[in-house]
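Okay, so here's the structure we're looking at.
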Amino acid sequence: MAATVIDGKEFAARVRGRVAEHVTRLKDSHGITPGLAVVLVGEDPASQVYVRSKGKMTVEVGMKSVEHRLEADTSEADLLALIEQLNNDDEIHGILVQLPLPGHLDEDAVINSISPEKDVDGFHISNVGRLGTGQKSMVPCTPLGCLMMLRDHHGSISGMDAVVIGRSNIVGKPMAQLLLNDSATVTIAHSRTNNLADVVRRADIVIAAVGRPQMVPGDWIKPGATVIDVGINRLDAPERGEGKTKLVGDVDYESCAAVAGAITPVPGGVGPMTIACLLANTVTACCRAHGVEEPDGLTA
Ligand code: NDP
């Protein structure tokens, strides 16, 4: 039987709808407008596209959007001063510094200068520690989106075998932590894992966050398993002898979809959920800052 396709685009629209409803409630009942500040240093074309769509969607759900575009040679002191100003700005509830930063800036120092309560990317060391110890935290957006889709599809993932391929700080590790917090039995695989195919074949849930186009073939997938493909890889036209760049994930979609019970496509799977979760985190941060009730189901 063909796999159920988990439609991230549709799911993300639903999440944004719930965020928008909550924003309306915050405005009407409390006179509060959640605000998100995005800081972009330099002119990386992909980052510019992300920042633009983050700003557009922030406004669409009724929140205040502030963008700070800084020159590529901005000093660390100037960037830290801007973050300090945003930390102290009562109209800003979420701060996101678009990564990667130019090489002369210390990414860890910059991220850790954001007030943890406003760290809507969930990368601050304090949020990482809180997630790891099961405390209330800001949760990284991409893994949060994956978790929401898994909970929606399965109800509960308690007791299921989950394999996360990839151990980055922004996807693999927090993903594994979230799955563990939901009582899945979790394996983290990486480039040194022995017999990766056999490890993946055990999994009821496979999360691929590798950055290698179509690396996971269908014959690694246990029949009926759920496959969440985080990968976003651009296959350039010349490589394929065709006229257009194509986006593919880290799993080979056709062969995996033939065996899996459910699968996320690329594009239109995890990708759209990431921005939706950024907006969800901003509304959550705003509610926490003002001590008002958080929306249900928009965080871990
Ligand atoms: P990183 O490059 O930081 O991490 C990749 C991980 O994959 C590493 O842990 C690495 O292992 C592991 N890996 C590499 N090669 C292999 C291999 N042959 N076998 C097993 N494991 C391997 O990537 P990210 O986590 O930042 O991103 C992963 C993917 O997700 C990328 O395609 C990225 O574009 C995408 N992404 C998508 C987002 C979205 O919104 N949908 C958001 C963020 C990322 P090791 O640690 O041993 O080197």
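Naming scheme: A, B, ... for chains in displayed order of the structure tokens; residues 1 onward per chain; ligands 1 onward as shown.
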What residues of the protein or nucleic acid chains come within 9 Å of ligand 1 when you use only C-alpha atoms and all ligand atoms? Reply as a compact mmCIF listing (two decimals) with N, CA, C and O atoms, in the first residue's frame.
# COMPACT_ATOMS: atom_id res chain seq x y z
N CYS A 141 13.05 25.23 16.06
CA CYS A 141 11.85 25.20 15.22
C CYS A 141 11.73 23.96 14.32
O CYS A 141 10.64 23.39 14.21
N THR A 142 12.82 23.56 13.69
CA THR A 142 12.71 22.44 12.74
C THR A 142 12.35 21.14 13.47
O THR A 142 11.37 20.46 13.08
N PRO A 143 13.07 20.77 14.53
CA PRO A 143 12.65 19.56 15.25
C PRO A 143 11.26 19.68 15.87
O PRO A 143 10.51 18.69 15.89
N GLY A 145 8.73 21.23 14.58
CA GLY A 145 7.81 20.96 13.48
C GLY A 145 7.70 19.46 13.21
O GLY A 145 6.60 18.93 12.98
N ILE A 165 18.99 10.32 11.93
CA ILE A 165 20.28 10.29 11.22
C ILE A 165 20.78 11.73 11.16
O ILE A 165 20.17 12.57 10.48
N GLY A 166 21.86 12.02 11.85
CA GLY A 166 22.39 13.39 11.97
C GLY A 166 22.43 13.79 13.43
O GLY A 166 21.50 13.50 14.19
N ARG A 167 23.51 14.46 13.82
CA ARG A 167 23.68 14.84 15.24
C ARG A 167 24.06 16.33 15.37
O ARG A 167 24.83 16.71 16.24
N SER A 168 23.52 17.17 14.46
CA SER A 168 23.83 18.60 14.57
C SER A 168 23.10 19.20 15.77
O SER A 168 22.11 18.65 16.25
N ASN A 169 23.61 20.36 16.21
CA ASN A 169 22.99 21.03 17.34
C ASN A 169 21.64 21.63 16.97
O ASN A 169 20.79 21.85 17.83
N ILE A 170 21.44 21.92 15.67
CA ILE A 170 20.18 22.59 15.32
C ILE A 170 19.07 21.62 14.94
O ILE A 170 17.90 21.94 15.04
N VAL A 171 19.43 20.42 14.49
CA VAL A 171 18.38 19.47 14.13
C VAL A 171 18.52 18.14 14.89
O VAL A 171 17.67 17.79 15.71
N GLY A 172 19.57 17.39 14.61
CA GLY A 172 19.67 16.01 15.10
C GLY A 172 19.55 15.88 16.61
O GLY A 172 18.69 15.12 17.12
N LYS A 173 20.40 16.62 17.36
CA LYS A 173 20.39 16.43 18.82
C LYS A 173 19.06 16.88 19.46
O LYS A 173 18.49 16.13 20.25
N ILE A 188 20.66 7.76 17.84
CA ILE A 188 21.19 8.85 17.00
C ILE A 188 22.30 8.26 16.14
O ILE A 188 23.30 7.76 16.67
N ALA A 189 22.13 8.32 14.82
CA ALA A 189 23.15 7.82 13.90
C ALA A 189 23.89 9.01 13.29
O ALA A 189 23.36 10.13 13.26
N HIS A 190 25.09 8.77 12.81
CA HIS A 190 25.91 9.85 12.24
C HIS A 190 26.92 9.25 11.26
O HIS A 190 26.82 8.05 10.93
N SER A 191 27.88 10.06 10.85
CA SER A 191 28.76 9.59 9.77
C SER A 191 29.66 8.43 10.20
O SER A 191 30.22 7.75 9.36
N ARG A 192 29.82 8.21 11.51
CA ARG A 192 30.68 7.10 11.97
C ARG A 192 29.87 5.87 12.37
O ARG A 192 30.44 4.89 12.87
N THR A 193 28.57 5.92 12.21
CA THR A 193 27.72 4.79 12.62
C THR A 193 28.04 3.55 11.77
O THR A 193 28.11 3.64 10.54
N LEU A 196 24.78 1.39 9.07
CA LEU A 196 23.67 2.35 9.15
C LEU A 196 22.37 1.74 8.61
O LEU A 196 21.30 1.92 9.18
N ALA A 208 15.54 11.85 8.88
CA ALA A 208 16.79 12.01 8.12
C ALA A 208 17.17 13.48 8.12
O ALA A 208 16.45 14.32 7.58
N ALA A 209 18.31 13.81 8.75
CA ALA A 209 18.80 15.20 8.82
C ALA A 209 20.29 15.17 8.56
O ALA A 209 21.11 15.37 9.45
N VAL A 210 20.64 14.87 7.32
CA VAL A 210 22.02 14.56 6.96
C VAL A 210 22.64 15.61 6.04
O VAL A 210 23.82 15.94 6.15
N GLY A 211 21.84 16.13 5.10
CA GLY A 211 22.39 17.05 4.11
C GLY A 211 23.05 16.34 2.95
O GLY A 211 23.96 16.88 2.32
N ARG A 212 22.60 15.10 2.69
CA ARG A 212 23.12 14.36 1.52
C ARG A 212 21.94 13.93 0.67
O ARG A 212 21.08 13.16 1.13
N PRO A 213 21.90 14.43 -0.58
CA PRO A 213 20.71 14.19 -1.40
C PRO A 213 20.37 12.71 -1.55
O PRO A 213 21.23 11.91 -1.94
N MET A 215 20.04 10.12 0.22
CA MET A 215 20.98 9.11 0.72
C MET A 215 20.31 7.83 1.22
O MET A 215 20.87 6.75 1.14
N ASP A 229 11.62 13.56 6.46
CA ASP A 229 12.80 13.97 5.69
C ASP A 229 13.08 15.45 5.92
O ASP A 229 12.37 16.32 5.41
N VAL A 230 14.13 15.74 6.70
CA VAL A 230 14.46 17.14 7.02
C VAL A 230 15.31 17.76 5.91
O VAL A 230 15.34 18.97 5.75
N GLY A 231 15.98 16.95 5.14
CA GLY A 231 16.96 17.44 4.16
C GLY A 231 16.39 18.40 3.14
O GLY A 231 15.26 18.25 2.68
N ILE A 232 17.18 19.42 2.84
CA ILE A 232 16.87 20.31 1.72
C ILE A 232 18.14 20.39 0.89
O ILE A 232 19.13 21.00 1.31
N ASN A 233 18.15 19.74 -0.24
CA ASN A 233 19.35 19.73 -1.09
C ASN A 233 18.96 20.22 -2.48
O ASN A 233 17.94 19.81 -3.02
N ARG A 234 19.80 21.09 -3.02
CA ARG A 234 19.54 21.60 -4.37
C ARG A 234 20.36 20.80 -5.37
O ARG A 234 21.58 20.76 -5.26
N VAL A 248 15.62 18.29 -3.42
CA VAL A 248 15.37 16.91 -2.97
C VAL A 248 15.75 16.80 -1.50
O VAL A 248 16.53 17.59 -0.96
N GLY A 249 15.22 15.77 -0.86
CA GLY A 249 15.51 15.55 0.55
C GLY A 249 16.71 14.63 0.75
O GLY A 249 17.49 14.38 -0.18
N ASP A 250 16.82 14.14 1.98
CA ASP A 250 17.90 13.21 2.32
C ASP A 250 17.49 11.76 2.10
O ASP A 250 18.28 10.84 2.26
N VAL A 266 9.62 16.45 -0.05
CA VAL A 266 10.50 17.62 -0.17
C VAL A 266 10.38 18.12 -1.61
O VAL A 266 10.64 17.35 -2.53
N PRO A 267 9.97 19.35 -1.83
CA PRO A 267 9.54 20.33 -0.83
C PRO A 267 8.12 20.04 -0.32
O PRO A 267 7.47 19.12 -0.82
N GLY A 269 7.22 19.46 3.01
CA GLY A 269 7.12 18.63 4.21
C GLY A 269 7.56 19.41 5.43
O GLY A 269 6.84 20.27 5.93
N VAL A 270 8.79 19.12 5.88
CA VAL A 270 9.32 19.76 7.09
C VAL A 270 9.55 21.26 6.88
O VAL A 270 9.32 22.06 7.79
N GLY A 271 9.99 21.65 5.69
CA GLY A 271 10.36 23.04 5.41
C GLY A 271 9.33 24.06 5.87
O GLY A 271 9.64 24.94 6.69
N PRO A 272 8.08 23.98 5.39
CA PRO A 272 7.09 24.98 5.77
C PRO A 272 6.80 24.99 7.27
O PRO A 272 6.40 26.01 7.84
N MET A 273 7.01 23.84 7.94
CA MET A 273 6.74 23.78 9.39
C MET A 273 7.74 24.61 10.19
O MET A 273 7.44 25.06 11.29
N THR A 274 8.95 24.80 9.63
CA THR A 274 9.98 25.50 10.39
C THR A 274 9.56 26.94 10.68
O THR A 274 9.63 27.41 11.83
N ILE A 275 9.09 27.67 9.68
CA ILE A 275 8.67 29.06 9.91
C ILE A 275 7.40 29.09 10.77
O ILE A 275 7.26 29.93 11.66
key: Residues of segment 2-235 of chain A in strand (DSSP E or B), written as a PyMOL selection string   = chain A and resi 4-5+35-41+64-70+94-97+119+161-165+185-189+205-208+216+226-229+233-235
ask   = Near Ile157 of chain A, within 10 Å and counting only C-alpha atoms, which residues show up once chain neighbours fewer than 3 positions away are dropped, as a ChimeraX atom specification?
value = /A:147,150-151,153-154,160-162,179-180,182-185,204-205
query = Excluding same-chain residues fewer than 6 positions from segment 56-65 of chain A, what lies within 9 Å of it counting only C-alpha atoms, as a PyMOL selection string?
reply = chain A and resi 16-17+19-21+23-24+33-38+91-92+275-276+279+283
Write the residues of the preceding selection, restricted to N, CA and C atoms, as a short mmCIF file (atom, residue, chain, number, x, y, z; two decimals), in the first residue's frame.
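Below you can see out16.cif, which holds the result:
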data_model
loop_
_atom_site.label_atom_id
_atom_site.label_comp_id
_atom_site.auth_asym_id
_atom_site.auth_seq_id
_atom_site.Cartn_x
_atom_site.Cartn_y
_atom_site.Cartn_z
N ARG A 16 -0.15 28.11 11.54
CA ARG A 16 -0.16 29.58 11.44
C ARG A 16 -1.55 30.13 11.76
N GLY A 17 -2.58 29.40 11.36
CA GLY A 17 -3.96 29.80 11.67
C GLY A 17 -4.18 29.84 13.18
N VAL A 19 -1.85 30.18 15.44
CA VAL A 19 -1.04 31.30 15.97
C VAL A 19 -1.82 32.60 15.79
N ALA A 20 -2.38 32.79 14.59
CA ALA A 20 -3.11 34.03 14.30
C ALA A 20 -4.29 34.20 15.25
N GLU A 21 -5.01 33.09 15.52
CA GLU A 21 -6.15 33.16 16.47
C GLU A 21 -5.66 33.63 17.83
N VAL A 23 -2.97 35.34 18.52
CA VAL A 23 -2.52 36.73 18.45
C VAL A 23 -3.73 37.66 18.60
N THR A 24 -4.81 37.31 17.92
CA THR A 24 -6.03 38.12 18.02
C THR A 24 -6.51 38.17 19.47
N THR A 33 0.60 42.95 21.46
CA THR A 33 0.94 42.45 20.12
C THR A 33 2.30 41.78 20.19
N PRO A 34 2.37 40.47 19.91
CA PRO A 34 3.67 39.81 19.92
C PRO A 34 4.58 40.40 18.83
N GLY A 35 5.87 40.53 19.15
CA GLY A 35 6.81 41.10 18.18
C GLY A 35 8.02 40.19 17.97
N LEU A 36 8.42 40.05 16.72
CA LEU A 36 9.58 39.22 16.37
C LEU A 36 10.61 40.09 15.65
N ALA A 37 11.84 40.08 16.16
CA ALA A 37 12.93 40.80 15.48
C ALA A 37 13.87 39.79 14.82
N VAL A 38 14.15 40.01 13.55
CA VAL A 38 15.09 39.14 12.84
C VAL A 38 16.31 39.96 12.46
N GLU A 91 8.51 45.55 23.38
CA GLU A 91 7.62 45.21 22.27
C GLU A 91 8.15 44.02 21.46
N ILE A 92 9.36 43.59 21.78
CA ILE A 92 9.97 42.44 21.09
C ILE A 92 9.95 41.23 22.02
N ILE A 275 9.09 27.67 9.68
CA ILE A 275 8.67 29.06 9.91
C ILE A 275 7.40 29.09 10.77
N ALA A 276 6.50 28.15 10.53
CA ALA A 276 5.27 28.11 11.34
C ALA A 276 5.64 27.95 12.82
N LEU A 279 6.91 31.16 14.40
CA LEU A 279 5.80 32.03 14.80
C LEU A 279 5.15 31.50 16.08
N VAL A 283 4.80 33.48 19.75
CA VAL A 283 3.57 33.70 20.52
C VAL A 283 3.72 33.07 21.92
#
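Here atom CA of His290 of chain A stands at a distance of 23.5 Å from atom CA of Val39 of chain A.
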key: For Ile114 of chain A: contacts at 10 Å, only C-alpha atoms, fewer than 4 positions along chain excluded, given as a PyMOL selection string   = chain A and resi 80+83-84+86-87+94-97+109-110+118-120+123-124
N, CA, C and O atoms of the current selection, written as a compact mmCIF listing (two decimals), in the first residue's frame:
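Resulting contents of out_23.txt:
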# COMPACT_ATOMS: atom_id res chain seq x y z
N LEU A 80 26.35 42.75 19.22
CA LEU A 80 25.95 42.48 20.61
C LEU A 80 25.17 43.65 21.20
O LEU A 80 24.22 43.46 21.97
N ILE A 83 21.66 43.40 19.95
CA ILE A 83 20.92 42.33 20.64
C ILE A 83 20.53 42.79 22.05
O ILE A 83 19.40 42.55 22.50
N GLU A 84 21.44 43.51 22.70
CA GLU A 84 21.14 44.03 24.04
C GLU A 84 19.93 44.97 23.99
O GLU A 84 19.03 44.90 24.83
N LEU A 86 17.53 44.90 21.79
CA LEU A 86 16.32 44.09 21.54
C LEU A 86 15.92 43.32 22.80
O LEU A 86 14.74 43.15 23.09
N ASN A 87 16.92 42.84 23.55
CA ASN A 87 16.62 42.15 24.82
C ASN A 87 15.82 43.06 25.76
O ASN A 87 14.96 42.59 26.50
N GLY A 94 10.47 37.91 20.57
CA GLY A 94 11.33 36.89 19.97
C GLY A 94 12.45 37.55 19.19
O GLY A 94 12.23 38.56 18.50
N ILE A 95 13.66 37.00 19.34
CA ILE A 95 14.82 37.52 18.58
C ILE A 95 15.44 36.35 17.84
O ILE A 95 15.72 35.31 18.44
N LEU A 96 15.63 36.54 16.55
CA LEU A 96 16.28 35.49 15.77
C LEU A 96 17.45 36.09 15.01
O LEU A 96 17.27 37.09 14.29
N VAL A 97 18.63 35.56 15.22
CA VAL A 97 19.79 35.98 14.43
C VAL A 97 19.98 34.92 13.35
O VAL A 97 20.19 33.74 13.64
N ALA A 109 28.86 33.05 20.96
CA ALA A 109 28.77 34.24 21.81
C ALA A 109 27.54 35.06 21.44
O ALA A 109 26.83 35.58 22.31
N VAL A 110 27.27 35.17 20.14
CA VAL A 110 26.13 35.96 19.69
C VAL A 110 24.83 35.31 20.15
O VAL A 110 23.96 35.96 20.75
N LYS A 118 13.71 35.14 25.00
CA LYS A 118 13.39 35.66 23.66
C LYS A 118 14.06 34.83 22.55
O LYS A 118 13.95 35.17 21.37
N ASP A 119 14.74 33.77 22.93
CA ASP A 119 15.52 32.95 21.98
C ASP A 119 14.60 31.99 21.24
O ASP A 119 14.54 30.79 21.53
N VAL A 120 13.86 32.52 20.25
CA VAL A 120 12.83 31.72 19.58
C VAL A 120 13.41 30.65 18.66
O VAL A 120 12.67 29.80 18.16
N PHE A 123 18.36 28.02 20.49
CA PHE A 123 19.77 27.60 20.41
C PHE A 123 20.61 28.07 21.61
O PHE A 123 21.76 27.68 21.74
N HIS A 124 20.04 28.95 22.44
CA HIS A 124 20.78 29.43 23.61
C HIS A 124 21.12 28.25 24.52
O HIS A 124 20.30 27.35 24.72
request  = Mind listing the helix (DSSP H, G or I) residues of segment 217-282 of chain A, per DSSP on the backbone, as a ChimeraX atom specification?
outcome  = /A:218-220,237-240,253-257,270-282
Include C-alpha atoms and write out the residues we just selected as a PDB file, in the first residue's frame.
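Dumped to again-v5.pdb:
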ATOM      1  CA  GLY A 218      13.734   2.393   0.305  1.00  0.00           C
ATOM      2  CA  ASP A 219      15.362  -0.919   1.222  1.00  0.00           C
ATOM      3  CA  TRP A 220      16.613   0.644   4.503  1.00  0.00           C
ATOM      4  CA  ALA A 237      20.582  21.606 -13.490  1.00  0.00           C
ATOM      5  CA  PRO A 238      23.917  20.613 -15.087  1.00  0.00           C
ATOM      6  CA  GLU A 239      24.292  17.650 -12.694  1.00  0.00           C
ATOM      7  CA  ARG A 240      20.985  16.299 -13.935  1.00  0.00           C
ATOM      8  CA  TYR A 253      11.378   9.639  -1.983  1.00  0.00           C
ATOM      9  CA  GLU A 254      10.049   7.171  -4.564  1.00  0.00           C
ATOM     10  CA  SER A 255      11.605   4.031  -3.135  1.00  0.00           C
ATOM     11  CA  CYS A 256      10.961   5.042   0.497  1.00  0.00           C
ATOM     12  CA  ALA A 257       7.327   5.978  -0.189  1.00  0.00           C
ATOM     13  CA  VAL A 270       9.322  19.761   7.092  1.00  0.00           C
ATOM     14  CA  GLY A 271      10.365  23.039   5.410  1.00  0.00           C
ATOM     15  CA  PRO A 272       7.087  24.978   5.775  1.00  0.00           C
ATOM     16  CA  MET A 273       6.744  23.776   9.385  1.00  0.00           C
ATOM     17  CA  THR A 274       9.982  25.500  10.395  1.00  0.00           C
ATOM     18  CA  ILE A 275       8.671  29.059   9.913  1.00  0.00           C
ATOM     19  CA  ALA A 276       5.270  28.108  11.339  1.00  0.00           C
ATOM     20  CA  CYS A 277       7.060  26.909  14.491  1.00  0.00           C
ATOM     21  CA  LEU A 278       9.086  30.120  14.658  1.00  0.00           C
ATOM     22  CA  LEU A 279       5.797  32.031  14.799  1.00  0.00           C
ATOM     23  CA  ALA A 280       4.444  29.559  17.351  1.00  0.00           C
ATOM     24  CA  ASN A 281       7.558  30.064  19.498  1.00  0.00           C
ATOM     25  CA  THR A 282       7.160  33.840  19.302  1.00  0.00           C
TER      26      THR A 282
END
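Of the listed residues A:Ala176, A:Val128, A:Cys286, A:Ala197, the one whose atoms come nearest to His93 of chain A is A:Cys286, with distances taken using only C-alpha atoms.
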message = With only C-alpha atoms as the counted atoms, please give the residues lying no more than 9 Å from Ser126 of chain A, apart from itself and same-chain residues fewer than 6 positions off, as an MDAnalysis selection string.
response = chainID A and resid 112 116 137
Store the residues picked out above, limited to N, CA and C atoms, as a PDB file, in the first residue's frame.
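Result went into part_3.pdb, see below:
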ATOM      1  N   ASN A 112      24.316  33.215  22.551  1.00  0.00           N
ATOM      2  CA  ASN A 112      24.175  33.207  24.011  1.00  0.00           C
ATOM      3  C   ASN A 112      23.993  34.599  24.607  1.00  0.00           C
ATOM      4  N   PRO A 116      17.435  34.286  26.987  1.00  0.00           N
ATOM      5  CA  PRO A 116      16.881  32.947  26.723  1.00  0.00           C
ATOM      6  C   PRO A 116      15.369  32.960  26.514  1.00  0.00           C
ATOM      7  N   SER A 137      11.140  25.180  27.884  1.00  0.00           N
ATOM      8  CA  SER A 137      12.219  25.881  27.170  1.00  0.00           C
ATOM      9  C   SER A 137      11.686  26.397  25.847  1.00  0.00           C
TER      10      SER A 137
END
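For the pair atom CA of Pro295 of chain A and atom CA of Arg14 of chain A, the separation is 13.5 Å.
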